[in-house]
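Participant: Just passing along the structure, written as structure tokens.
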Amino acid sequence: ARLLAQGTHSHAMRTLRRYLWKEVAAATAFVLFALLSLFTFFDLVAQLDEIGQRGFLLRHALAYVAFTLPSRTYEVMPIAALIGTIYALSKLAANSEFTIMRVSGMSTRRLLMNLLGIGMLMVGLTFLLGEVISPPSERLAQQTRLKARGSQISVRDFRSGVWVRDVVKDPAGGVSAFRFINVRQVSPDVGTKDWRIIEFDRDYRLRSILRGNIGTYVPGAGWELTEVVETRVPQLSTDASLPADAKTEVLTHPTLLWRSELKPDIFGVLLVQPERMAGWDLIQYIR
């Protein structure tokens with residue numbers, strides 16, 4: 001009889017737990033749908049002014065808004081979970097269902113643990129959405145918009161192009177040089193044009209300025225630059241003086257393989273705003 005009572009109680013707790021989860025999930029989904037509908041409408045209205053300009057059509061606006069939905073969901077999910085949970089619990093209280101749960105043997109502690117389980121599940125889903133689904137979807141949205149308008153990444157975000165710092169290390173792991181790379185035009189497919197590479201030694205004394213036209217990434221080697229003009233600045237000696245025969249050299253190269261660990265991914269990352277980047281992409285961006 002004791003085992004039968006325990007089994008009946010356990011079955012009742014599982015039933016109540018499933019019912020509680022179902023009510024909270026349904027309320028959260030309803031609030032999430034309402035918020036997404038509202039924000040989607042506002043996003044679409046915001047794109048109407050650009051329709052018909054520079055090849056940007058209604059289908060491009062619809063595709064852009066559709067690709068930004070995961071990011072919007074990630075932003076409003078905490079609010080939807082809060083409002084949905086409060087609504088579901090208030091509904092249960094208004095219908096005296098909490099009283100029935102307590103009579104059935106569900107303690108306040110068990111109720112809180114069940115709500116905590118629902119909350120952790122929502123946190124996991126939100127984390128998955130923000131780290132895995134939202135960043136590539138946001139990148140597709142920006143690529144769709146830029147391709148439709150024929151724009152470059154630098155035109156939309158940076159007046160002088162994209163800037164990236166590259167640290168050159170010696171075999172011992174110490175810093176031997178700093179490079180500041182400026183790429184004026186980056187297309188949505190991460191094609192690069194109009195390069196400028198300014199290199200300093202470890203004490204930030206100018207070494208050289210390199211200009212190139214088109215940059216093509218060579219996996220494992222670096223970047224192949226075309227129409228390169230390299231200006232080498234004479235270096236100071238140990239007593240901070242210039243040698244008597246020091247002079248600035250200007251070299252030209254039809255093509256030049258510029259060795260660097262800089263990959264095209266960093267330019268693709270810049271399509272997504274920092275607050276919408278995945279954790280790993282954000283670390284790359286910061287570095």
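Residue numbers start at 1 in each chain; chains themselves are named A, B, ... in the order of the structure tokens; ligands are numbered from 1 in the order shown.
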Would you mind listing what lies within 10 Å of range 34-43 of chain A as a PDB file with N, CA, C and O atoms, in the first residue's frame, with only C-alpha atoms counted and same-chain residues fewer than 2 positions away left out?

Facilitator:
```pdb
ATOM      1  N   THR A  28       4.446  31.956 -22.745  1.00  0.00           N
ATOM      2  CA  THR A  28       5.675  32.577 -23.251  1.00  0.00           C
ATOM      3  C   THR A  28       5.675  32.626 -24.768  1.00  0.00           C
ATOM      4  O   THR A  28       6.059  33.638 -25.372  1.00  0.00           O
ATOM      5  N   ALA A  29       5.251  31.537 -25.412  1.00  0.00           N
ATOM      6  CA  ALA A  29       5.205  31.496 -26.876  1.00  0.00           C
ATOM      7  C   ALA A  29       4.231  32.544 -27.417  1.00  0.00           C
ATOM      8  O   ALA A  29       4.505  33.202 -28.429  1.00  0.00           O
ATOM      9  N   PHE A  30       3.098  32.707 -26.749  1.00  0.00           N
ATOM     10  CA  PHE A  30       2.115  33.700 -27.199  1.00  0.00           C
ATOM     11  C   PHE A  30       2.677  35.113 -27.089  1.00  0.00           C
ATOM     12  O   PHE A  30       2.560  35.919 -28.027  1.00  0.00           O
ATOM     13  N   VAL A  31       3.301  35.436 -25.961  1.00  0.00           N
ATOM     14  CA  VAL A  31       3.882  36.774 -25.778  1.00  0.00           C
ATOM     15  C   VAL A  31       5.023  36.994 -26.769  1.00  0.00           C
ATOM     16  O   VAL A  31       5.164  38.082 -27.350  1.00  0.00           O
ATOM     17  N   LEU A  32       5.847  35.952 -26.981  1.00  0.00           N
ATOM     18  CA  LEU A  32       6.956  36.063 -27.927  1.00  0.00           C
ATOM     19  C   LEU A  32       6.437  36.327 -29.337  1.00  0.00           C
ATOM     20  O   LEU A  32       6.989  37.169 -30.073  1.00  0.00           O
ATOM     21  N   VAL A  45       8.630  48.529 -41.821  1.00  0.00           N
ATOM     22  CA  VAL A  45       8.326  49.937 -42.090  1.00  0.00           C
ATOM     23  C   VAL A  45       9.615  50.740 -42.230  1.00  0.00           C
ATOM     24  O   VAL A  45       9.719  51.641 -43.074  1.00  0.00           O
ATOM     25  N   ALA A  46      10.625  50.404 -41.418  1.00  0.00           N
ATOM     26  CA  ALA A  46      11.903  51.129 -41.483  1.00  0.00           C
ATOM     27  C   ALA A  46      12.617  50.927 -42.808  1.00  0.00           C
ATOM     28  O   ALA A  46      13.425  51.770 -43.216  1.00  0.00           O
ATOM     29  N   GLN A  47      12.338  49.811 -43.507  1.00  0.00           N
ATOM     30  CA  GLN A  47      12.980  49.533 -44.790  1.00  0.00           C
ATOM     31  C   GLN A  47      12.234  50.135 -45.977  1.00  0.00           C
ATOM     32  O   GLN A  47      12.760  50.155 -47.091  1.00  0.00           O
ATOM     33  N   LEU A  48      11.016  50.626 -45.762  1.00  0.00           N
ATOM     34  CA  LEU A  48      10.202  51.102 -46.878  1.00  0.00           C
ATOM     35  C   LEU A  48      10.831  52.296 -47.587  1.00  0.00           C
ATOM     36  O   LEU A  48      10.689  52.445 -48.802  1.00  0.00           O
ATOM     37  N   ALA A  61      13.789  43.622 -48.956  1.00  0.00           N
ATOM     38  CA  ALA A  61      13.385  44.085 -47.622  1.00  0.00           C
ATOM     39  C   ALA A  61      12.773  42.953 -46.813  1.00  0.00           C
ATOM     40  O   ALA A  61      13.067  42.792 -45.618  1.00  0.00           O
ATOM     41  N   LEU A  62      11.928  42.139 -47.454  1.00  0.00           N
ATOM     42  CA  LEU A  62      11.314  41.009 -46.757  1.00  0.00           C
ATOM     43  C   LEU A  62      12.365  39.989 -46.333  1.00  0.00           C
ATOM     44  O   LEU A  62      12.310  39.440 -45.221  1.00  0.00           O
ATOM     45  N   TYR A  64      15.555  40.607 -45.774  1.00  0.00           N
ATOM     46  CA  TYR A  64      16.353  41.223 -44.706  1.00  0.00           C
ATOM     47  C   TYR A  64      15.651  41.091 -43.356  1.00  0.00           C
ATOM     48  O   TYR A  64      16.260  40.696 -42.355  1.00  0.00           O
ATOM     49  N   VAL A  65      14.352  41.412 -43.331  1.00  0.00           N
ATOM     50  CA  VAL A  65      13.593  41.327 -42.087  1.00  0.00           C
ATOM     51  C   VAL A  65      13.503  39.884 -41.603  1.00  0.00           C
ATOM     52  O   VAL A  65      13.607  39.608 -40.398  1.00  0.00           O
ATOM     53  N   ALA A  66      13.336  38.939 -42.542  1.00  0.00           N
ATOM     54  CA  ALA A  66      13.246  37.520 -42.163  1.00  0.00           C
ATOM     55  C   ALA A  66      14.550  37.032 -41.552  1.00  0.00           C
ATOM     56  O   ALA A  66      14.554  36.286 -40.560  1.00  0.00           O
ATOM     57  N   THR A  68      16.676  38.796 -39.933  1.00  0.00           N
ATOM     58  CA  THR A  68      16.927  39.426 -38.637  1.00  0.00           C
ATOM     59  C   THR A  68      16.005  38.893 -37.537  1.00  0.00           C
ATOM     60  O   THR A  68      16.171  39.276 -36.373  1.00  0.00           O
ATOM     61  N   LEU A  69      15.062  38.029 -37.882  1.00  0.00           N
ATOM     62  CA  LEU A  69      14.147  37.485 -36.884  1.00  0.00           C
ATOM     63  C   LEU A  69      14.859  36.752 -35.741  1.00  0.00           C
ATOM     64  O   LEU A  69      14.488  36.923 -34.577  1.00  0.00           O
ATOM     65  N   PRO A  70      15.870  35.890 -36.019  1.00  0.00           N
ATOM     66  CA  PRO A  70      16.558  35.248 -34.897  1.00  0.00           C
ATOM     67  C   PRO A  70      17.189  36.237 -33.923  1.00  0.00           C
ATOM     68  O   PRO A  70      17.145  36.024 -32.705  1.00  0.00           O
ATOM     69  N   ARG A  72      16.138  39.321 -33.357  1.00  0.00           N
ATOM     70  CA  ARG A  72      15.030  39.919 -32.621  1.00  0.00           C
ATOM     71  C   ARG A  72      14.512  38.963 -31.546  1.00  0.00           C
ATOM     72  O   ARG A  72      14.182  39.369 -30.429  1.00  0.00           O
ATOM     73  N   THR A  73      14.417  37.684 -31.897  1.00  0.00           N
ATOM     74  CA  THR A  73      13.959  36.689 -30.927  1.00  0.00           C
ATOM     75  C   THR A  73      14.903  36.620 -29.734  1.00  0.00           C
ATOM     76  O   THR A  73      14.470  36.539 -28.579  1.00  0.00           O
ATOM     77  N   GLU A  75      16.726  39.015 -28.599  1.00  0.00           N
ATOM     78  CA  GLU A  75      16.602  40.230 -27.803  1.00  0.00           C
ATOM     79  C   GLU A  75      15.354  40.233 -26.919  1.00  0.00           C
ATOM     80  O   GLU A  75      15.397  40.685 -25.771  1.00  0.00           O
ATOM     81  N   VAL A  76      14.229  39.753 -27.465  1.00  0.00           N
ATOM     82  CA  VAL A  76      12.962  39.859 -26.726  1.00  0.00           C
ATOM     83  C   VAL A  76      12.635  38.602 -25.929  1.00  0.00           C
ATOM     84  O   VAL A  76      11.663  38.600 -25.166  1.00  0.00           O
ATOM     85  N   MET A  77      13.443  37.534 -26.075  1.00  0.00           N
ATOM     86  CA  MET A  77      13.140  36.285 -25.376  1.00  0.00           C
ATOM     87  C   MET A  77      13.082  36.460 -23.852  1.00  0.00           C
ATOM     88  O   MET A  77      12.151  35.941 -23.210  1.00  0.00           O
ATOM     89  N   ILE A  79      12.247  39.086 -22.098  1.00  0.00           N
ATOM     90  CA  ILE A  79      11.028  39.820 -21.761  1.00  0.00           C
ATOM     91  C   ILE A  79       9.807  38.922 -21.941  1.00  0.00           C
ATOM     92  O   ILE A  79       8.887  38.911 -21.106  1.00  0.00           O
ATOM     93  N   ALA A  80       9.786  38.157 -23.034  1.00  0.00           N
ATOM     94  CA  ALA A  80       8.658  37.258 -23.280  1.00  0.00           C
ATOM     95  C   ALA A  80       8.561  36.193 -22.191  1.00  0.00           C
ATOM     96  O   ALA A  80       7.458  35.845 -21.746  1.00  0.00           O
TER      97      ALA A  80
END
```

Participant: Point out the residue among A:Ile198, A:Leu20, A:Leu262, A:Ala177 with the least atom-to-atom distance to Val218 in chain A, counting only C-alpha atoms.

Facilitator: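 Looking at the shortest contact to Val218 in chain A, the residue is A:Leu262.
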
Participant: Between CA of Arg202 in chain A and CA of Val162 in chain A, what distance in Å does the model show, to one decimal?

Facilitator: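 Distance reported for this atom pair: 22.9 Å.
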
Participant: Give the strand (DSSP E) residues of range 75-208 of chain A, as DSSP finds them on the backbone, and put them as a PyMOL selection string.

Facilitator: chain A and resi 162-169+175-186+192-201+206-208

Participant: Need to verify the contact set: Tyr19 in chain A, 12 Å, only C-alpha atoms, exclusion of same-chain residues closer than 6 positions in sequence. Can you return it as a ChimeraX atom specification?

Facilitator: /A:12-13,25-26,88-89,92,97-98,101,111,114-115,118

Participant: Please identify the helix (DSSP H, G or I) residues within range 101-228 of chain A (assignment by DSSP from backbone atoms) and present them as JSON, numbers by chain.

Facilitator: {"A": [101, 102, 103, 108, 109, 110, 111, 112, 113, 114, 115, 116, 117, 118, 119, 120, 121, 122, 123, 124, 125, 126, 127, 128, 129, 130, 131, 132, 133, 134, 135, 136, 137, 138, 139, 140, 141, 142, 143, 144, 145, 146, 147, 148, 149, 153, 154, 155, 156, 157]}

Participant: Report as a CSV table (one decimal) with C-alpha atoms, in the first residue's frame all protein, DNA and RNA residues lying within 6 Å of range 129-135 of chain A, evaluated on only C-alpha atoms, omitting residues in the same chain fewer than 6 positions from it.

Facilitator:
```
chain,number,residue,atom,x,y,z
A,70,PRO,CA,16.6,35.2,-34.9
A,71,SER,CA,18.3,38.3,-33.6
A,74,TYR,CA,17.2,36.6,-28.9
A,277,MET,CA,28.1,38.6,-32.4
A,278,ALA,CA,28.7,35.1,-31.1
```

Participant: Name all residues at most 7 Å from range 250-256 of chain A (count only C-alpha atoms; drop same-chain ones fewer than 5 positions away) and give them as a ChimeraX atom specification.

Facilitator: /A:224-232

Participant: Find the distance between CA of Ser208 in chain A and CA of Ile181 in chain A and write it in Å to one decimal.

Facilitator: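 About the pair CA of Ser208 in chain A and CA of Ile181 in chain A: they are 12.0 Å apart.
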
Participant: Which polymer residues have any atom within 12 Å of an atom of Tyr204 in chain A, counting only C-alpha atoms, with same-chain residues fewer than 4 positions away left out, as a VMD selection string?

Facilitator: chain A and resid 167 175 to 180 198 to 200 208 235

Participant: Based on the selection just made, write N, CA and C atoms of those residues as a CSV table (one decimal), in the first residue's frame.

Facilitator:
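Written out: result31.csv:
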```
chain,number,residue,atom,x,y,z
A,167,VAL,N,49.6,41.8,-34.9
A,167,VAL,CA,50.8,41.8,-34.0
A,167,VAL,C,51.7,40.7,-34.6
A,175,VAL,N,56.9,40.3,-29.0
A,175,VAL,CA,56.4,41.2,-30.1
A,175,VAL,C,57.6,41.8,-30.9
A,176,SER,N,57.6,41.6,-32.2
A,176,SER,CA,58.7,42.2,-33.0
A,176,SER,C,58.2,43.3,-33.8
A,177,ALA,N,56.9,43.4,-34.1
A,177,ALA,CA,56.4,44.5,-34.9
A,177,ALA,C,54.8,44.6,-34.7
A,178,PHE,N,54.3,45.8,-35.0
A,178,PHE,CA,52.9,46.0,-35.1
A,178,PHE,C,52.5,46.5,-36.5
A,179,ARG,N,51.4,46.0,-37.0
A,179,ARG,CA,50.9,46.4,-38.3
A,179,ARG,C,49.5,46.9,-38.1
A,180,PHE,N,49.2,48.0,-38.7
A,180,PHE,CA,47.9,48.5,-38.8
A,180,PHE,C,47.4,48.5,-40.2
A,198,ILE,N,50.5,49.8,-42.5
A,198,ILE,CA,51.5,50.6,-41.9
A,198,ILE,C,52.1,49.8,-40.8
A,199,GLU,N,53.4,49.6,-40.9
A,199,GLU,CA,54.2,48.7,-40.0
A,199,GLU,C,55.1,49.5,-39.1
A,200,PHE,N,55.1,49.2,-37.8
A,200,PHE,CA,56.0,49.8,-36.8
A,200,PHE,C,56.8,48.7,-36.1
A,208,SER,N,57.6,50.9,-42.4
A,208,SER,CA,57.2,50.9,-43.8
A,208,SER,C,55.7,51.2,-44.0
A,235,GLN,N,65.8,53.2,-40.6
A,235,GLN,CA,65.7,52.9,-39.2
A,235,GLN,C,66.8,53.6,-38.4
```

Participant: Using only C-alpha atoms for the distances, tell me which of A:Arg165, A:Ala81, A:Arg17, A:Gly215 is nearest to Phe33 in chain A.

Facilitator: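 Using only C-alpha atoms, Phe33 in chain A sits closest to A:Ala81.
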
Participant: Counting only C-alpha atoms, what is within 6 Å of range 195-197 of chain A, bar same-chain residues fewer than 5 positions away, as an mmCIF file with C-alpha atoms, in the first residue's frame?

Facilitator:
```
data_model
loop_
_atom_site.group_PDB
_atom_site.id
_atom_site.type_symbol
_atom_site.label_atom_id
_atom_site.label_comp_id
_atom_site.auth_asym_id
_atom_site.auth_seq_id
_atom_site.Cartn_x
_atom_site.Cartn_y
_atom_site.Cartn_z
ATOM 1 C CA PHE A 180 47.854 48.541 -38.787
ATOM 2 C CA ILE A 181 45.886 47.356 -41.801
ATOM 3 C CA ASN A 182 43.382 49.611 -43.527
ATOM 4 C CA VAL A 183 41.174 48.082 -46.234
ATOM 5 C CA ILE A 209 53.999 51.808 -45.573
ATOM 6 C CA LEU A 210 52.649 49.356 -48.108
ATOM 7 C CA ARG A 211 49.828 50.068 -50.535
ATOM 8 C CA GLY A 212 48.076 47.491 -52.670
ATOM 9 C CA ASN A 213 45.067 47.297 -54.927
#
```
